[in-house]
Amino acid sequence: MRLARINTEDGPRTVVAHGDRWMELSALEAAAGRQLPARLGDLLGTVQRRELAELIERATDARPVEVRLEDAATISDTGDIWGAGLNYLGHSQDLSAQQPVSGPGSYLRPRGCLMDNGGEIGLPTHSSRVTAEAELGLVIGTECKNVSREQWRSVIAGVTAVLDLTAEDVIRENPRYIPWAKGFDTFCSVGPQLVTLDEFDDEALRSTRVSTVRNGQVVASAPVAEMKYDLAYLVEYFTAGRTLTPGTVICTGTPGAAVIEPGDSISAVVEGVGTLSHSVKG
């Protein structure tokens, strides 16, 4: 199953698909006999994935809608955005840094940095070296806290793609500046869709390839299996002692970053999940 958000004159609307057939929530509401939450994060927190699948099967007479993932709205409409740093060896080598040994580097970024797929990136004047990084994102599907690594799948609704931007020169000066360096407008893209976790067994997830692509050329690429801290560890780590709400995104690290300049195009490609593509304002 896939979920996305499309921009309309009345604002973003959540759509769901089973196979290639996308439907608006209103079609599922008729099958459910009740109103469903309009925001994706709220929907994940109140409607079980099994129920969603059953509603899709029941809505056989619903009119499908056209969905252009190339300009889909960000799927991150509720919850926090957490990130794991230096989780791939390639990225730690980019920064000439050692991978942390007691847990991944981590940060919490503001929601104001989010943009829709296809949006134009604006480079801040506060940095002379901005990098862009492709990542796999995990989307929390149920409120949770202190989740053991053995139970990690039970709280994850699905996976998505993330494009993470960083004012890298600032972090090179002082790693304590990470939240500031990642919080500029247009510095994060999440989407273009959520693919429910039941579409991937553990081996399929481990073999999923994440690639940072600049101007059509692959800058860095690696399978999820090359993470230092695996997905189960990351869920355990980020839920330890804190409550995560539905819609929260855990960005799991990048295989490598690309320095971007005005006029560049940059993409985050997550195999079997989706592609985020953006141009850099000239």
# chains A, B, ... in the order shown; residues from 1 in each chain; ligands from 1

$ closest_atom_pairs --of "range 135-177 of chain A" --to "range 220-231 of chain A" --cutoff "10 Å" --atoms "only C-alpha atoms" --output "tab-separated table"
residue	atom	partner	partner_atom	distance
A:Glu135	CA	A:Val224	CA	9.4
A:Leu136	CA	A:Val224	CA	8.1
A:Gly137	CA	A:Leu231	CA	9.9
A:Leu138	CA	A:Leu231	CA	8.4
A:Arg149	CA	A:Leu231	CA	8.5
A:Trp152	CA	A:Leu231	CA	8.0
A:Arg153	CA	A:Leu231	CA	9.2

$ residues_around --residues "range 271-274 of chain A" --least-positions-apart "2" --cutoff "7 Å" --atoms "only C-alpha atoms" --output "list in words"
Thr160, Ala161, Pro192, Gln193, Val195, Thr208, Arg209, Val210, Val269 and Leu276 of chain A

$ residues_around --residues "Gly119 in chain A" --least-positions-apart "3" --cutoff "10 Å" --atoms "only C-alpha atoms" --output "mmCIF file with all heavy atoms, in the first residue's frame"
data_model
loop_
_atom_site.group_PDB
_atom_site.id
_atom_site.type_symbol
_atom_site.label_atom_id
_atom_site.label_comp_id
_atom_site.auth_asym_id
_atom_site.auth_seq_id
_atom_site.Cartn_x
_atom_site.Cartn_y
_atom_site.Cartn_z
ATOM 1 N N GLU A 70 5.810 13.682 -8.907
ATOM 2 C CA GLU A 70 6.888 14.649 -9.169
ATOM 3 C C GLU A 70 6.683 15.964 -8.434
ATOM 4 O O GLU A 70 7.648 16.682 -8.161
ATOM 5 C CB GLU A 70 7.002 14.922 -10.678
ATOM 6 C CG GLU A 70 7.454 13.732 -11.492
ATOM 7 C CD GLU A 70 6.310 12.796 -11.853
ATOM 8 O OE1 GLU A 70 5.157 13.064 -11.427
ATOM 9 O OE2 GLU A 70 6.562 11.802 -12.576
ATOM 10 N N ASP A 71 5.437 16.307 -8.126
ATOM 11 C CA ASP A 71 5.178 17.543 -7.380
ATOM 12 C C ASP A 71 4.249 17.292 -6.193
ATOM 13 O O ASP A 71 3.472 18.156 -5.794
ATOM 14 C CB ASP A 71 4.619 18.634 -8.292
ATOM 15 C CG ASP A 71 3.391 18.181 -9.087
ATOM 16 O OD1 ASP A 71 2.841 17.114 -8.766
ATOM 17 O OD2 ASP A 71 2.995 18.900 -10.019
ATOM 18 N N ALA A 72 4.350 16.088 -5.630
ATOM 19 C CA ALA A 72 3.529 15.748 -4.470
ATOM 20 C C ALA A 72 3.934 16.582 -3.261
ATOM 21 O O ALA A 72 5.102 16.964 -3.104
ATOM 22 C CB ALA A 72 3.670 14.261 -4.148
ATOM 23 N N ALA A 73 2.959 16.855 -2.403
ATOM 24 C CA ALA A 73 3.246 17.569 -1.161
ATOM 25 C C ALA A 73 4.061 16.666 -0.236
ATOM 26 O O ALA A 73 4.014 15.437 -0.332
ATOM 27 C CB ALA A 73 1.949 17.975 -0.472
ATOM 28 N N LEU A 114 10.814 22.194 5.663
ATOM 29 C CA LEU A 114 10.256 21.234 4.716
ATOM 30 C C LEU A 114 9.791 21.893 3.419
ATOM 31 O O LEU A 114 9.303 23.026 3.411
ATOM 32 C CB LEU A 114 9.073 20.507 5.336
ATOM 33 C CG LEU A 114 9.397 19.465 6.402
ATOM 34 C CD1 LEU A 114 8.142 19.065 7.152
ATOM 35 C CD2 LEU A 114 10.069 18.247 5.770
ATOM 36 N N MET A 115 9.933 21.167 2.322
ATOM 37 C CA MET A 115 9.400 21.603 1.026
ATOM 38 C C MET A 115 8.751 20.413 0.334
ATOM 39 O O MET A 115 9.015 19.251 0.669
ATOM 40 C CB MET A 115 10.512 22.175 0.144
ATOM 41 C CG MET A 115 11.628 21.208 -0.162
ATOM 42 S SD MET A 115 12.896 21.936 -1.230
ATOM 43 C CE MET A 115 14.228 20.742 -1.019
ATOM 44 N N ASP A 116 7.887 20.706 -0.646
ATOM 45 C CA ASP A 116 7.243 19.665 -1.423
ATOM 46 C C ASP A 116 8.199 19.133 -2.483
ATOM 47 O O ASP A 116 9.191 19.796 -2.843
ATOM 48 C CB ASP A 116 5.987 20.215 -2.099
ATOM 49 C CG ASP A 116 4.906 20.621 -1.109
ATOM 50 O OD1 ASP A 116 4.976 20.162 0.056
ATOM 51 O OD2 ASP A 116 4.008 21.391 -1.489
ATOM 52 N N GLY A 122 16.564 27.074 -2.014
ATOM 53 C CA GLY A 122 17.210 28.378 -1.884
ATOM 54 C C GLY A 122 18.423 28.270 -0.979
ATOM 55 O O GLY A 122 18.302 27.843 0.170
ATOM 56 N N THR A 186 13.667 25.242 2.956
ATOM 57 C CA THR A 186 13.914 24.337 1.819
ATOM 58 C C THR A 186 15.071 23.375 2.069
ATOM 59 O O THR A 186 15.639 22.849 1.122
ATOM 60 C CB THR A 186 14.153 25.089 0.491
ATOM 61 O OG1 THR A 186 15.447 25.719 0.481
ATOM 62 C CG2 THR A 186 13.076 26.130 0.228
ATOM 63 N N SER A 189 13.288 17.558 2.326
ATOM 64 C CA SER A 189 12.181 17.061 1.516
ATOM 65 C C SER A 189 11.899 15.629 1.954
ATOM 66 O O SER A 189 12.828 14.829 2.092
ATOM 67 C CB SER A 189 12.571 17.114 0.036
ATOM 68 O OG SER A 189 11.545 16.606 -0.788
ATOM 69 N N LEU A 276 12.898 11.936 -4.946
ATOM 70 C CA LEU A 276 12.693 13.353 -4.703
ATOM 71 C C LEU A 276 13.648 14.127 -5.596
ATOM 72 O O LEU A 276 14.846 13.846 -5.601
ATOM 73 C CB LEU A 276 12.964 13.696 -3.238
ATOM 74 C CG LEU A 276 12.044 13.032 -2.209
ATOM 75 C CD1 LEU A 276 12.655 13.141 -0.820
ATOM 76 C CD2 LEU A 276 10.665 13.687 -2.230
ATOM 77 N N SER A 277 13.141 15.089 -6.370
ATOM 78 C CA SER A 277 13.993 15.836 -7.292
ATOM 79 C C SER A 277 13.765 17.336 -7.115
ATOM 80 O O SER A 277 12.611 17.797 -7.064
ATOM 81 C CB SER A 277 13.695 15.453 -8.749
ATOM 82 O OG SER A 277 14.010 14.087 -8.978
ATOM 83 N N HIS A 278 14.869 18.074 -7.055
ATOM 84 C CA HIS A 278 14.800 19.506 -6.814
ATOM 85 C C HIS A 278 15.865 20.227 -7.620
ATOM 86 O O HIS A 278 16.941 19.683 -7.884
ATOM 87 C CB HIS A 278 14.993 19.811 -5.328
ATOM 88 C CG HIS A 278 13.969 19.152 -4.459
ATOM 89 N ND1 HIS A 278 12.761 19.729 -4.158
ATOM 90 C CD2 HIS A 278 13.972 17.943 -3.826
ATOM 91 C CE1 HIS A 278 12.063 18.917 -3.380
ATOM 92 N NE2 HIS A 278 12.769 17.831 -3.179
ATOM 93 N N SER A 279 15.568 21.472 -7.973
ATOM 94 C CA SER A 279 16.573 22.334 -8.597
ATOM 95 C C SER A 279 17.034 23.343 -7.561
ATOM 96 O O SER A 279 16.323 23.663 -6.597
ATOM 97 C CB SER A 279 15.987 23.038 -9.815
ATOM 98 O OG SER A 279 14.860 23.829 -9.439
ATOM 99 N N VAL A 280 18.253 23.829 -7.763
ATOM 100 C CA VAL A 280 18.822 24.825 -6.869
ATOM 101 C C VAL A 280 18.655 26.200 -7.528
ATOM 102 O O VAL A 280 19.064 26.393 -8.679
ATOM 103 C CB VAL A 280 20.307 24.552 -6.583
ATOM 104 C CG1 VAL A 280 20.854 25.558 -5.570
ATOM 105 C CG2 VAL A 280 20.484 23.127 -6.055
ATOM 106 N N LYS A 281 18.067 27.112 -6.813
ATOM 107 C CA LYS A 281 17.800 28.437 -7.368
ATOM 108 C C LYS A 281 19.076 29.093 -7.865
ATOM 109 O O LYS A 281 20.091 29.121 -7.159
ATOM 110 C CB LYS A 281 17.143 29.323 -6.307
ATOM 111 C CG LYS A 281 16.677 30.679 -6.815
ATOM 112 C CD LYS A 281 15.942 31.430 -5.727
ATOM 113 C CE LYS A 281 15.444 32.784 -6.228
ATOM 114 N NZ LYS A 281 14.708 33.519 -5.174
#

$ residues_around --residues "Arg21 in chain A" --least-positions-apart "2" --cutoff "9 Å" --atoms "only C-alpha atoms" --output "VMD selection string"
chain A and resid 16 to 19 23 64 to 66

$ closest_atom_pairs --of "range 68-184 of chain A" --to "range 31-49 of chain A" --cutoff "12 Å" --atoms "only C-alpha atoms" --output "tab-separated table"
residue	atom	partner	partner_atom	distance
A:Ala73	CA	A:Leu40	CA	11.1
A:Thr74	CA	A:Leu40	CA	10.1
A:Ile75	CA	A:Leu40	CA	6.9
A:Ser76	CA	A:Gly41	CA	7.4
A:Asp77	CA	A:Gly41	CA	6.2
A:Thr78	CA	A:Gly41	CA	5.1
A:Gly79	CA	A:Gly41	CA	7.1
A:Asp80	CA	A:Gly41	CA	10.6
A:Val139	CA	A:Gly41	CA	9.0
A:Ile140	CA	A:Leu44	CA	8.2
A:Gly141	CA	A:Leu44	CA	5.2
A:Thr142	CA	A:Gly45	CA	5.3
A:Glu143	CA	A:Gly45	CA	7.2
A:Cys144	CA	A:Gly45	CA	10.7
A:Ser154	CA	A:Arg49	CA	11.2
A:Val155	CA	A:Gly45	CA	10.2
A:Ile156	CA	A:Leu44	CA	9.8
A:Ala157	CA	A:Leu44	CA	7.1
A:Gly158	CA	A:Leu44	CA	9.9

$ decode --residues "range 161-179 of chain A" --atoms "C-alpha atoms" --output "compact mmCIF listing (two decimals), in the first residue's frame"
# COMPACT_ATOMS: atom_id res chain seq x y z
CA ALA A 161 12.67 8.96 0.77
CA VAL A 162 14.39 11.97 2.32
CA LEU A 163 16.57 14.70 0.85
CA ASP A 164 18.53 16.27 3.70
CA LEU A 165 20.47 19.52 3.22
CA THR A 166 23.23 20.80 5.48
CA ALA A 167 25.34 23.94 5.79
CA GLU A 168 28.40 21.73 5.94
CA ASP A 169 30.99 24.44 6.50
CA VAL A 170 29.21 25.34 9.74
CA ILE A 171 29.35 21.76 11.03
CA ARG A 172 33.02 21.48 10.09
CA GLU A 173 33.62 24.51 12.30
CA ASN A 174 31.71 23.04 15.24
CA PRO A 175 29.51 19.90 15.32
CA ARG A 176 27.34 21.51 17.99
CA TYR A 177 25.84 23.72 15.27
CA ILE A 178 24.02 20.79 13.57
CA PRO A 179 20.42 21.94 14.32
